[in-house]
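Structure first, commentary second.
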Number of protein chains: 2
Amino acid sequence: MSERPLPRAERRRKTEGRILDAARELFAEVGFERTTIRAVARAAEVDPALVMQYFGSKQELFRRAVRVTPAPDAGLDADGLVDHLLATLTVKIGELPQGSLAMMRSMLTHPEAAASAREALARQIDRVAESIPGEDARLRAALMTVIMLGVTVGHQLLELDELREAPQEELARLLRPSLRALTAPPAP
Amino acid sequence: MSERPLPRAERRRKTEGRILDAARELFAEVGFERTTIRAVARAAEVDPALVMQYFGSKQELFRRAVRVTPAPDAGLDADGLVDHLLATLTVKIGELPQGSLAMMRSMLTHPEAAASAREALARQIDRVAESIPGEDARLRAALMTVIMLGVTVGHQLLELDELREAPQEELARLLRPSLRALTAPPAP
DNA sequence: TCGTTGATTCAACGAGCGTAGAGCTGAAGG
DNA sequence: CCTTCAGCTCTACGCTCGTTGAATCAACGA
C-alpha cells in the first residue's frame with residue numbers, strides 16, 4: 001500500500017477544506033443552531049478541538065463557511081436583467097453554492113446570518129435598481145429581489161412539491177411576466 | 001388596595017394565556033431554538049416548571065402557541081383572489097397574527113415548524129389554484145404563494161428597509177400586476 | 001540525528017438547557 | 001374550622017454544548 005506522507009502544509013490545507021465542506025453542508029441542512037461543532041468534526045473525521053483550533057469559534061467557522069461569492073455581473077438593460085435573474089434561479093435549482101444555502105437557512109434565526117442576508121439582498125437590490133428605469137426603481141427592485149427570495153426559499157429550503165416537480169424552464173417561463181411587470185413603473 | 005382573590009379557574013386561564021402570549025412573542029422574535037422555557041416563564045412572570053406542568057414539553061408549547069387560524073375565505077374569481085392576497089399582505093404589515101410569524105420564523109430551522117409551514121402553504125396553494133383557470137393552475141398558484149411568502153419574509157422577518165419604508169398600498173399597487181400575470185396561462 | 005515546531009487528539013470544565021418530582025400555599029367545600 | 005386539592009414554586013438531575021489546556025505524534029530544519 002502506498003502510504004505517502006503528505007507534506008505538512010498540504011495536509012493542513014486539506015483538513016481545513018474537509019472541515020469547511022462539512023460545516024457548509026450541515027449549516028445548509030439544519031442551520032446554525034442545530035449544527036454542532038462535534039457533528040462537523042465527526043463529518044470531517046476530525047477531533048472537535050481541531051475545529052476550534054483552526055477557526056477559533058463556531059461563529060467564525062460559520063463566517064468562513066458561508067462566504068458568499070458576490071455574483072459578478074455587469075450593467076444590463078431591463079430585459080437582460082430579468083433573464084439574468086431567472087438564469088440565476090436555474091443555477092440555484094441545480095446546485096446553488098452551498099454557502100448561500102447555509103446563510104439562507106439560518107437567516108431567520110441567527111442574528112449574524114440575518115445581517116449577512118440583509119447585506120447580500122441590499123447589494124442585489126442595488127444592482128437590480130441600476131438596471132431598471134423609473135421613479136420608484138429601488139422599491140420595485142426590492143420586490144423583484146424578494147420574489148426571487150420567496151421562490152428560492154419555497155423551492156430549496158421548504159422543498160415544496162409543486163415547485164420541485166416543475167422543470168426549471170417552466171418556472172422561469174411562468175415567472176418572467178411577473179418580474180417584467182416590475183421593470184417599469186406601472187400605469188397609474 | 002383591592003386585593004380581590006380571583007376564582008381559581010379564571011386565575012388558571014389568565015396564567016395560561018400569559019404564558020402563551022409570552023411564548024408566541026419570543027418564538028416570533030427569535031425562533032424555536034433560541035427561545036427557552038426559562039425566558040418564556042420569566043416574561044410571563046411564572047416559574048419555568050409551571051410551563052412544563054401546563055404544556056408538557058417545549059414542543060407542545062410551540063404547537064399550542066403557533067396555532068394558525070386558517071383564513072376563512074370563499075370561492076373567488078381570479079381578480080378577486082389577487083385583491084384578497086394583497087389585502088392579506090396589508091393586514092400582515094399592520095399586525096399579522098403573531099402565531100403565523102412564530103411559525104415562519106422557525107420554518108427553516110425547526111423540523112416541525114417546517115412541516116407545519118408546508119402544510120399551511122399547501123392549503124393556500126389549493127385555495128388559490130381553485131380560483132384560477134388553466135392547465136398548470138397548481139404551479140402558478142404555488143408561485144403566487146411563494147411570491148407572497150417572499151414579500152412577507154423580506155418585510156416582516158428580515159425587515160428590509162426598502163419594504164419597511166413603503167406604504168402598504170404602494171406595495172399592493174406594485175405587486176398586483178406581478179400576481180395577475182400568474183392568474184392565467186401565459187401566451188406561449 | 002536530534003531537537004523543534006506544528007498538526008492533531010484527549011480529557012475535562014463550566015454553563016445552559018429541558019425536564020421531573022417533591023413541597024408549599026391559599027381557595028374550595030363540607 | 002378543618003380537610004382537600006389545584007395552582008404554583010423550589011431544587012436538582014442529566015445531558016449536550018462550546019470551549020480550553022495539556023498531551024501526543026509525526027514532519028521539518030539544521
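Going through the C-alpha cells in order, the chains are called A, B, and so on, while each chain numbers its residues from 1 and the ligands are numbered from 1 in the order shown.
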Write out as a PyMOL selection string which residues come within 12 Å of region 25-30 of chain D when counting only C-alpha atoms (C1' of nucleotides), dropping same-chain ones fewer than 6 positions away.
-> (chain A and resi 5-12) or (chain C and resi 1-9)
Could you turn the residues from that selection into a file that holds N, CA and C atoms (P, O5', C5', C4', C3', O3' and C1' of nucleotides), as a PDB file, in the first residue's frame?
ATOM      1  N   PRO A   5       3.460  10.006   2.953  1.00  0.00           N
ATOM      2  CA  PRO A   5       3.109  11.048   3.917  1.00  0.00           C
ATOM      3  C   PRO A   5       3.065  12.401   3.218  1.00  0.00           C
ATOM      4  N   LEU A   6       1.891  13.024   3.319  1.00  0.00           N
ATOM      5  CA  LEU A   6       1.720  14.325   2.666  1.00  0.00           C
ATOM      6  C   LEU A   6       2.558  15.392   3.352  1.00  0.00           C
ATOM      7  N   PRO A   7       3.000  16.345   2.595  1.00  0.00           N
ATOM      8  CA  PRO A   7       3.689  17.476   3.217  1.00  0.00           C
ATOM      9  C   PRO A   7       2.759  18.180   4.183  1.00  0.00           C
ATOM     10  N   ARG A   8       3.351  18.755   5.178  1.00  0.00           N
ATOM     11  CA  ARG A   8       2.573  19.311   6.275  1.00  0.00           C
ATOM     12  C   ARG A   8       1.567  20.376   5.799  1.00  0.00           C
ATOM     13  N   ALA A   9       2.042  21.292   4.982  1.00  0.00           N
ATOM     14  CA  ALA A   9       1.189  22.398   4.545  1.00  0.00           C
ATOM     15  C   ALA A   9      -0.042  21.881   3.797  1.00  0.00           C
ATOM     16  N   GLU A  10       0.220  20.928   2.912  1.00  0.00           N
ATOM     17  CA  GLU A  10      -0.893  20.416   2.110  1.00  0.00           C
ATOM     18  C   GLU A  10      -1.899  19.665   2.969  1.00  0.00           C
ATOM     19  N   ARG A  11      -1.359  18.896   3.891  1.00  0.00           N
ATOM     20  CA  ARG A  11      -2.220  18.156   4.805  1.00  0.00           C
ATOM     21  C   ARG A  11      -3.138  19.126   5.553  1.00  0.00           C
ATOM     22  N   ARG A  12      -2.526  20.159   6.040  1.00  0.00           N
ATOM     23  CA  ARG A  12      -3.299  21.165   6.769  1.00  0.00           C
ATOM     24  C   ARG A  12      -4.402  21.751   5.882  1.00  0.00           C
TER      25      ARG A  12
ATOM     26  P    DT C   1      20.158   8.040  12.440  1.00  0.00           P
ATOM     27  O5'  DT C   1      20.754   9.416  12.960  1.00  0.00           O
ATOM     28  C5'  DT C   1      22.042   9.529  13.496  1.00  0.00           C
ATOM     29  C4'  DT C   1      21.960  10.731  14.397  1.00  0.00           C
ATOM     30  C3'  DT C   1      20.833  10.634  15.426  1.00  0.00           C
ATOM     31  O3'  DT C   1      21.273  11.219  16.654  1.00  0.00           O
ATOM     32  C1'  DT C   1      20.445  12.511  14.011  1.00  0.00           C
ATOM     33  P    DC C   2      20.481  10.843  17.975  1.00  0.00           P
ATOM     34  O5'  DC C   2      20.020  12.315  18.395  1.00  0.00           O
ATOM     35  C5'  DC C   2      20.873  13.422  18.079  1.00  0.00           C
ATOM     36  C4'  DC C   2      20.056  14.701  18.188  1.00  0.00           C
ATOM     37  C3'  DC C   2      18.865  14.594  19.155  1.00  0.00           C
ATOM     38  O3'  DC C   2      18.728  15.825  19.836  1.00  0.00           O
ATOM     39  C1'  DC C   2      18.085  15.199  17.040  1.00  0.00           C
ATOM     40  P    DG C   3      18.164  15.786  21.318  1.00  0.00           P
ATOM     41  O5'  DG C   3      17.409  17.197  21.393  1.00  0.00           O
ATOM     42  C5'  DG C   3      18.164  18.403  21.251  1.00  0.00           C
ATOM     43  C4'  DG C   3      17.422  19.378  20.357  1.00  0.00           C
ATOM     44  C3'  DG C   3      16.145  19.963  20.977  1.00  0.00           C
ATOM     45  O3'  DG C   3      16.108  21.347  20.676  1.00  0.00           O
ATOM     46  C1'  DG C   3      15.638  18.942  18.896  1.00  0.00           C
ATOM     47  P    DT C   4      15.074  22.291  21.381  1.00  0.00           P
ATOM     48  O5'  DT C   4      14.123  22.689  20.173  1.00  0.00           O
ATOM     49  C5'  DT C   4      14.714  23.046  18.912  1.00  0.00           C
ATOM     50  C4'  DT C   4      13.604  23.264  17.890  1.00  0.00           C
ATOM     51  C3'  DT C   4      12.312  23.866  18.461  1.00  0.00           C
ATOM     52  O3'  DT C   4      11.875  24.880  17.577  1.00  0.00           O
ATOM     53  C1'  DT C   4      11.818  21.881  17.285  1.00  0.00           C
ATOM     54  P    DT C   5      10.814  25.982  18.108  1.00  0.00           P
ATOM     55  O5'  DT C   5       9.753  26.031  16.928  1.00  0.00           O
ATOM     56  C5'  DT C   5      10.102  25.565  15.607  1.00  0.00           C
ATOM     57  C4'  DT C   5       8.925  24.812  15.031  1.00  0.00           C
ATOM     58  C3'  DT C   5       7.547  25.359  15.454  1.00  0.00           C
ATOM     59  O3'  DT C   5       6.800  25.595  14.284  1.00  0.00           O
ATOM     60  C1'  DT C   5       7.609  23.011  15.658  1.00  0.00           C
ATOM     61  P    DG C   6       5.596  26.670  14.282  1.00  0.00           P
ATOM     62  O5'  DG C   6       4.463  25.863  13.524  1.00  0.00           O
ATOM     63  C5'  DG C   6       4.776  25.099  12.372  1.00  0.00           C
ATOM     64  C4'  DG C   6       3.900  23.864  12.323  1.00  0.00           C
ATOM     65  C3'  DG C   6       2.406  24.148  12.540  1.00  0.00           C
ATOM     66  O3'  DG C   6       1.679  23.399  11.596  1.00  0.00           O
ATOM     67  C1'  DG C   6       3.124  22.480  14.027  1.00  0.00           C
ATOM     68  P    DA C   7       0.135  23.701  11.310  1.00  0.00           P
ATOM     69  O5'  DA C   7      -0.488  22.247  11.432  1.00  0.00           O
ATOM     70  C5'  DA C   7       0.021  21.224  10.582  1.00  0.00           C
ATOM     71  C4'  DA C   7      -0.424  19.866  11.106  1.00  0.00           C
ATOM     72  C3'  DA C   7      -1.936  19.723  11.287  1.00  0.00           C
ATOM     73  O3'  DA C   7      -2.335  18.460  10.774  1.00  0.00           O
ATOM     74  C1'  DA C   7      -0.830  19.222  13.317  1.00  0.00           C
ATOM     75  P    DT C   8      -3.937  18.145  10.633  1.00  0.00           P
ATOM     76  O5'  DT C   8      -4.256  17.434  12.021  1.00  0.00           O
ATOM     77  C5'  DT C   8      -3.685  16.158  12.278  1.00  0.00           C
ATOM     78  C4'  DT C   8      -3.910  15.786  13.730  1.00  0.00           C
ATOM     79  C3'  DT C   8      -5.367  15.770  14.182  1.00  0.00           C
ATOM     80  O3'  DT C   8      -5.817  14.424  14.241  1.00  0.00           O
ATOM     81  C1'  DT C   8      -3.862  16.538  15.866  1.00  0.00           C
ATOM     82  P    DT C   9      -7.295  14.101  14.785  1.00  0.00           P
ATOM     83  O5'  DT C   9      -6.961  13.820  16.317  1.00  0.00           O
ATOM     84  C5'  DT C   9      -6.108  12.742  16.640  1.00  0.00           C
ATOM     85  C4'  DT C   9      -5.911  12.672  18.147  1.00  0.00           C
ATOM     86  C3'  DT C   9      -7.188  12.380  18.954  1.00  0.00           C
ATOM     87  O3'  DT C   9      -6.892  11.347  19.879  1.00  0.00           O
ATOM     88  C1'  DT C   9      -6.082  14.251  19.850  1.00  0.00           C
TER      89       DT C   9
END
Any chance you could tabulate, as CSV, the residues of chain B at most 9 Å from chain A with each one's nearest atom pair and distance in Å to one decimal, using only C-alpha atoms, in chain and rising number order?
residue,atom,partner,partner_atom,distance
B:Glu29,CA,A:Thr109,CA,8.5
B:Val30,CA,A:Thr109,CA,5.8
B:Gly31,CA,A:Thr109,CA,5.7
B:Phe32,CA,A:Thr109,CA,8.4
B:Glu33,CA,A:Glu33,CA,6.9
B:Arg34,CA,A:Thr109,CA,7.8
B:Met104,CA,A:Leu108,CA,8.5
B:Arg105,CA,A:Leu108,CA,5.7
B:Ser106,CA,A:Thr109,CA,7.0
B:Met107,CA,A:Leu158,CA,7.9
B:Leu108,CA,A:Arg105,CA,5.7
B:Thr109,CA,A:Gly31,CA,5.7
B:His110,CA,A:Val30,CA,8.1
B:Pro111,CA,A:Val30,CA,8.8
B:Ala114,CA,A:Leu158,CA,6.8
B:Ala115,CA,A:Leu158,CA,8.6
B:Ala117,CA,A:Leu158,CA,8.2
B:Arg118,CA,A:Leu160,CA,6.8
B:Leu121,CA,A:Leu160,CA,8.5
B:Ala122,CA,A:Leu160,CA,8.1
B:Arg138,CA,A:Glu162,CA,7.2
B:Leu139,CA,A:Glu162,CA,5.8
B:Arg140,CA,A:Leu174,CA,7.2
B:Ala142,CA,A:Glu162,CA,6.4
B:Leu143,CA,A:Val151,CA,7.0
B:Thr145,CA,A:Gly150,CA,8.7
B:Val146,CA,A:Gly150,CA,5.0
B:Ile147,CA,A:Ile147,CA,4.9
B:Met148,CA,A:Gly150,CA,7.4
B:Leu149,CA,A:Gly150,CA,5.6
B:Gly150,CA,A:Gly150,CA,3.5
B:Val151,CA,A:Val146,CA,5.5
B:Thr152,CA,A:Val146,CA,8.7
B:Val153,CA,A:Gly150,CA,7.8
B:Gly154,CA,A:Val146,CA,6.1
B:His155,CA,A:Val146,CA,8.9
B:Leu157,CA,A:Leu108,CA,6.7
B:Leu158,CA,A:Ala114,CA,6.8
B:Glu159,CA,A:Arg118,CA,8.4
B:Leu160,CA,A:Arg118,CA,6.8
B:Asp161,CA,A:Ala122,CA,9.0
B:Glu162,CA,A:Leu139,CA,5.8
B:Leu163,CA,A:Leu139,CA,6.9
B:Ala166,CA,A:Leu139,CA,7.6
B:Leu171,CA,A:Leu143,CA,8.4
B:Arg173,CA,A:Pro186,CA,8.3
B:Leu174,CA,A:Pro186,CA,6.9
B:Leu175,CA,A:Leu143,CA,7.7
B:Pro177,CA,A:Ala181,CA,6.0
B:Ser178,CA,A:Ser178,CA,3.9
B:Leu179,CA,A:Ser178,CA,6.6
B:Arg180,CA,A:Ser178,CA,8.0
B:Ala181,CA,A:Ser178,CA,5.6
B:Leu182,CA,A:Leu174,CA,7.2
B:Pro185,CA,A:Leu174,CA,8.2
B:Pro186,CA,A:Leu174,CA,6.9
12 Å contact set for DG18 (chain D), only C-alpha atoms (C1' of nucleotides), chain neighbours under 6 positions out, as a PDB file with N, CA and C atoms (P, O5', C5', C4', C3', O3' and C1' of nucleotides), in the first residue's frame:
ATOM      1  N   GLU A  33     -27.959  26.901  14.625  1.00  0.00           N
ATOM      2  CA  GLU A  33     -28.175  26.453  15.995  1.00  0.00           C
ATOM      3  C   GLU A  33     -28.062  24.938  16.126  1.00  0.00           C
ATOM      4  N   THR A  35     -26.537  22.898  14.179  1.00  0.00           N
ATOM      5  CA  THR A  35     -25.247  22.359  13.764  1.00  0.00           C
ATOM      6  C   THR A  35     -24.282  22.458  14.933  1.00  0.00           C
ATOM      7  N   THR A  36     -23.735  21.329  15.346  1.00  0.00           N
ATOM      8  CA  THR A  36     -22.788  21.346  16.460  1.00  0.00           C
ATOM      9  C   THR A  36     -21.371  21.159  15.937  1.00  0.00           C
ATOM     10  N   ILE A  37     -20.444  21.775  16.637  1.00  0.00           N
ATOM     11  CA  ILE A  37     -19.034  21.591  16.308  1.00  0.00           C
ATOM     12  C   ILE A  37     -18.695  20.110  16.283  1.00  0.00           C
ATOM     13  N   ARG A  38     -19.257  19.401  17.236  1.00  0.00           N
ATOM     14  CA  ARG A  38     -18.992  17.967  17.301  1.00  0.00           C
ATOM     15  C   ARG A  38     -19.451  17.244  16.038  1.00  0.00           C
ATOM     16  N   PRO A  48     -13.141  17.388  17.543  1.00  0.00           N
ATOM     17  CA  PRO A  48     -13.819  18.678  17.718  1.00  0.00           C
ATOM     18  C   PRO A  48     -12.863  19.809  18.085  1.00  0.00           C
ATOM     19  N   ALA A  49     -11.879  19.508  18.893  1.00  0.00           N
ATOM     20  CA  ALA A  49     -10.960  20.553  19.335  1.00  0.00           C
ATOM     21  C   ALA A  49     -10.178  21.145  18.164  1.00  0.00           C
ATOM     22  N   VAL A  51     -11.311  21.746  15.213  1.00  0.00           N
ATOM     23  CA  VAL A  51     -12.154  22.764  14.579  1.00  0.00           C
ATOM     24  C   VAL A  51     -11.984  24.092  15.298  1.00  0.00           C
ATOM     25  N   MET A  52     -11.962  24.016  16.603  1.00  0.00           N
ATOM     26  CA  MET A  52     -11.773  25.236  17.396  1.00  0.00           C
ATOM     27  C   MET A  52     -10.388  25.836  17.147  1.00  0.00           C
ATOM     28  N   GLY A  56     -11.320  29.049  15.818  1.00  0.00           N
ATOM     29  CA  GLY A  56     -11.474  29.908  16.987  1.00  0.00           C
ATOM     30  C   GLY A  56     -12.817  29.829  17.671  1.00  0.00           C
ATOM     31  N   SER A  57     -13.892  29.830  16.889  1.00  0.00           N
ATOM     32  CA  SER A  57     -15.226  29.742  17.471  1.00  0.00           C
ATOM     33  C   SER A  57     -16.204  29.245  16.417  1.00  0.00           C
ATOM     34  N   LYS A  58     -17.348  28.804  16.885  1.00  0.00           N
ATOM     35  CA  LYS A  58     -18.384  28.334  15.970  1.00  0.00           C
ATOM     36  C   LYS A  58     -18.829  29.479  15.061  1.00  0.00           C
ATOM     37  N   GLN A  59     -18.944  30.633  15.664  1.00  0.00           N
ATOM     38  CA  GLN A  59     -19.318  31.831  14.914  1.00  0.00           C
ATOM     39  C   GLN A  59     -18.378  32.076  13.739  1.00  0.00           C
TER      40      GLN A  59
ATOM     41  P    DC C  13     -12.999  18.357  35.480  1.00  0.00           P
ATOM     42  O5'  DC C  13     -13.305  19.925  35.508  1.00  0.00           O
ATOM     43  C5'  DC C  13     -12.367  20.865  34.948  1.00  0.00           C
ATOM     44  C4'  DC C  13     -13.151  21.994  34.311  1.00  0.00           C
ATOM     45  C3'  DC C  13     -14.461  22.255  34.979  1.00  0.00           C
ATOM     46  O3'  DC C  13     -14.432  23.387  35.822  1.00  0.00           O
ATOM     47  C1'  DC C  13     -14.697  22.226  32.584  1.00  0.00           C
ATOM     48  P    DG C  14     -14.668  24.448  36.492  1.00  0.00           P
ATOM     49  O5'  DG C  14     -15.843  25.202  35.709  1.00  0.00           O
ATOM     50  C5'  DG C  14     -15.499  26.243  34.790  1.00  0.00           C
ATOM     51  C4'  DG C  14     -16.729  26.604  34.011  1.00  0.00           C
ATOM     52  C3'  DG C  14     -17.958  26.879  34.889  1.00  0.00           C
ATOM     53  O3'  DG C  14     -18.511  28.091  34.422  1.00  0.00           O
ATOM     54  C1'  DG C  14     -18.498  25.304  33.206  1.00  0.00           C
ATOM     55  P    DA C  15     -19.695  28.778  35.270  1.00  0.00           P
ATOM     56  O5'  DA C  15     -20.783  29.026  34.138  1.00  0.00           O
ATOM     57  C5'  DA C  15     -20.351  29.209  32.795  1.00  0.00           C
ATOM     58  C4'  DA C  15     -21.459  28.814  31.853  1.00  0.00           C
ATOM     59  C3'  DA C  15     -22.864  29.094  32.388  1.00  0.00           C
ATOM     60  O3'  DA C  15     -23.561  29.861  31.436  1.00  0.00           O
ATOM     61  C1'  DA C  15     -22.720  26.864  31.597  1.00  0.00           C
ATOM     62  P    DG C  16     -24.939  30.596  31.844  1.00  0.00           P
ATOM     63  O5'  DG C  16     -26.012  29.796  30.972  1.00  0.00           O
ATOM     64  C5'  DG C  16     -25.776  29.601  29.596  1.00  0.00           C
ATOM     65  C4'  DG C  16     -26.724  28.529  29.106  1.00  0.00           C
ATOM     66  C3'  DG C  16     -28.148  28.703  29.656  1.00  0.00           C
ATOM     67  O3'  DG C  16     -29.057  28.764  28.565  1.00  0.00           O
ATOM     68  C1'  DG C  16     -27.350  26.478  29.999  1.00  0.00           C
TER      69       DG C  16
END
Give one line per residue of chain D that approaches chain B to at most 12 Å, naming the two atoms of the closest pair and their distance in Å to one decimal, counting only C-alpha atoms (C1' of nucleotides); sort by chain then ascending residue number and deliver it as CSV.
residue,atom,partner,partner_atom,distance
D:DC5,C1',B:Arg8,CA,11.5
D:DA6,C1',B:Arg8,CA,8.1
D:DG7,C1',B:Arg12,CA,7.2
D:DC8,C1',B:Leu50,CA,6.8
D:DT9,C1',B:Asp47,CA,6.5
D:DC10,C1',B:Asp47,CA,9.5
D:DT11,C1',B:Ala49,CA,11.0
For the selection just defined, write its residues with N, CA and C atoms (P, O5', C5', C4', C3', O3' and C1' of nucleotides) to a file, as a CSV table (one decimal), in the first residue's frame.
chain,number,residue,atom,x,y,z
D,5,DC,P,-58.9,15.3,47.7
D,5,DC,O5',-58.7,16.3,46.5
D,5,DC,C5',-59.6,17.5,46.4
D,5,DC,C4',-58.8,18.7,45.8
D,5,DC,C3',-57.7,18.2,44.8
D,5,DC,O3',-57.8,19.1,43.7
D,5,DC,C1',-56.8,19.8,46.4
D,6,DA,P,-57.4,18.5,42.2
D,6,DA,O5',-57.4,19.8,41.3
D,6,DA,C5',-58.3,20.9,41.6
D,6,DA,C4',-57.5,22.2,41.6
D,6,DA,C3',-56.5,22.3,40.4
D,6,DA,O3',-56.7,23.6,39.9
D,6,DA,C1',-55.4,22.6,42.5
D,7,DG,P,-55.9,24.1,38.6
D,7,DG,O5',-54.9,25.1,39.2
D,7,DG,C5',-55.4,26.3,39.9
D,7,DG,C4',-54.2,27.1,40.5
D,7,DG,C3',-53.1,27.5,39.5
D,7,DG,O3',-52.7,28.8,39.8
D,7,DG,C1',-52.2,26.2,41.3
D,8,DC,P,-51.7,29.5,38.8
D,8,DC,O5',-50.3,29.2,39.5
D,8,DC,C5',-50.0,29.7,40.8
D,8,DC,C4',-48.8,29.1,41.4
D,8,DC,C3',-47.5,29.2,40.6
D,8,DC,O3',-46.7,30.3,41.1
D,8,DC,C1',-47.7,27.2,41.8
D,9,DT,P,-45.3,30.6,40.5
D,9,DT,O5',-44.4,29.7,41.6
D,9,DT,C5',-44.5,30.0,43.0
D,9,DT,C4',-43.5,29.2,43.8
D,9,DT,C3',-42.1,29.4,43.3
D,9,DT,O3',-41.2,29.5,44.5
D,9,DT,C1',-42.6,27.1,43.3
D,10,DC,P,-39.8,30.1,44.4
D,10,DC,O5',-39.0,29.0,45.2
D,10,DC,C5',-39.7,27.8,45.5
D,10,DC,C4',-38.8,26.8,46.1
D,10,DC,C3',-37.3,27.0,45.8
D,10,DC,O3',-36.5,26.5,46.9
D,10,DC,C1',-38.1,25.0,44.7
D,11,DT,P,-34.9,26.6,46.9
D,11,DT,O5',-34.5,25.2,46.3
D,11,DT,C5',-35.1,24.0,46.8
D,11,DT,C4',-34.5,22.7,46.1
D,11,DT,C3',-33.1,22.9,45.7
D,11,DT,O3',-32.4,21.7,46.1
D,11,DT,C1',-34.4,22.2,43.8
How many Å lie between CA of Ala102 (chain B) and CA of Glu16 (chain B), rounded to one decimal?
->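 According to the coordinates, CA of Ala102 (chain B) and CA of Glu16 (chain B) are separated by 18.0 Å.
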Contact residues (chain C, partner chain B, 10 Å, only C-alpha atoms (C1' of nucleotides)) as a list in words |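 For chain C, the answer reads DG16, DC17, DG18, DT19, DA20, DG26, DA27 and DA28 of chain C.
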Interatomic distance, CA of Ala137 (chain A) to CA of Leu86 (chain B) (Å, one decimal) |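 So the answer is 20.3 Å.
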Among the residues of region 10-79 of chain A, find those DSSP assigns to alpha helix (DSSP H) from the backbone and print them as a VMD selection string.
-> chain A and resid 10 to 34 37 to 43 48 to 55 58 to 66 78 to 79
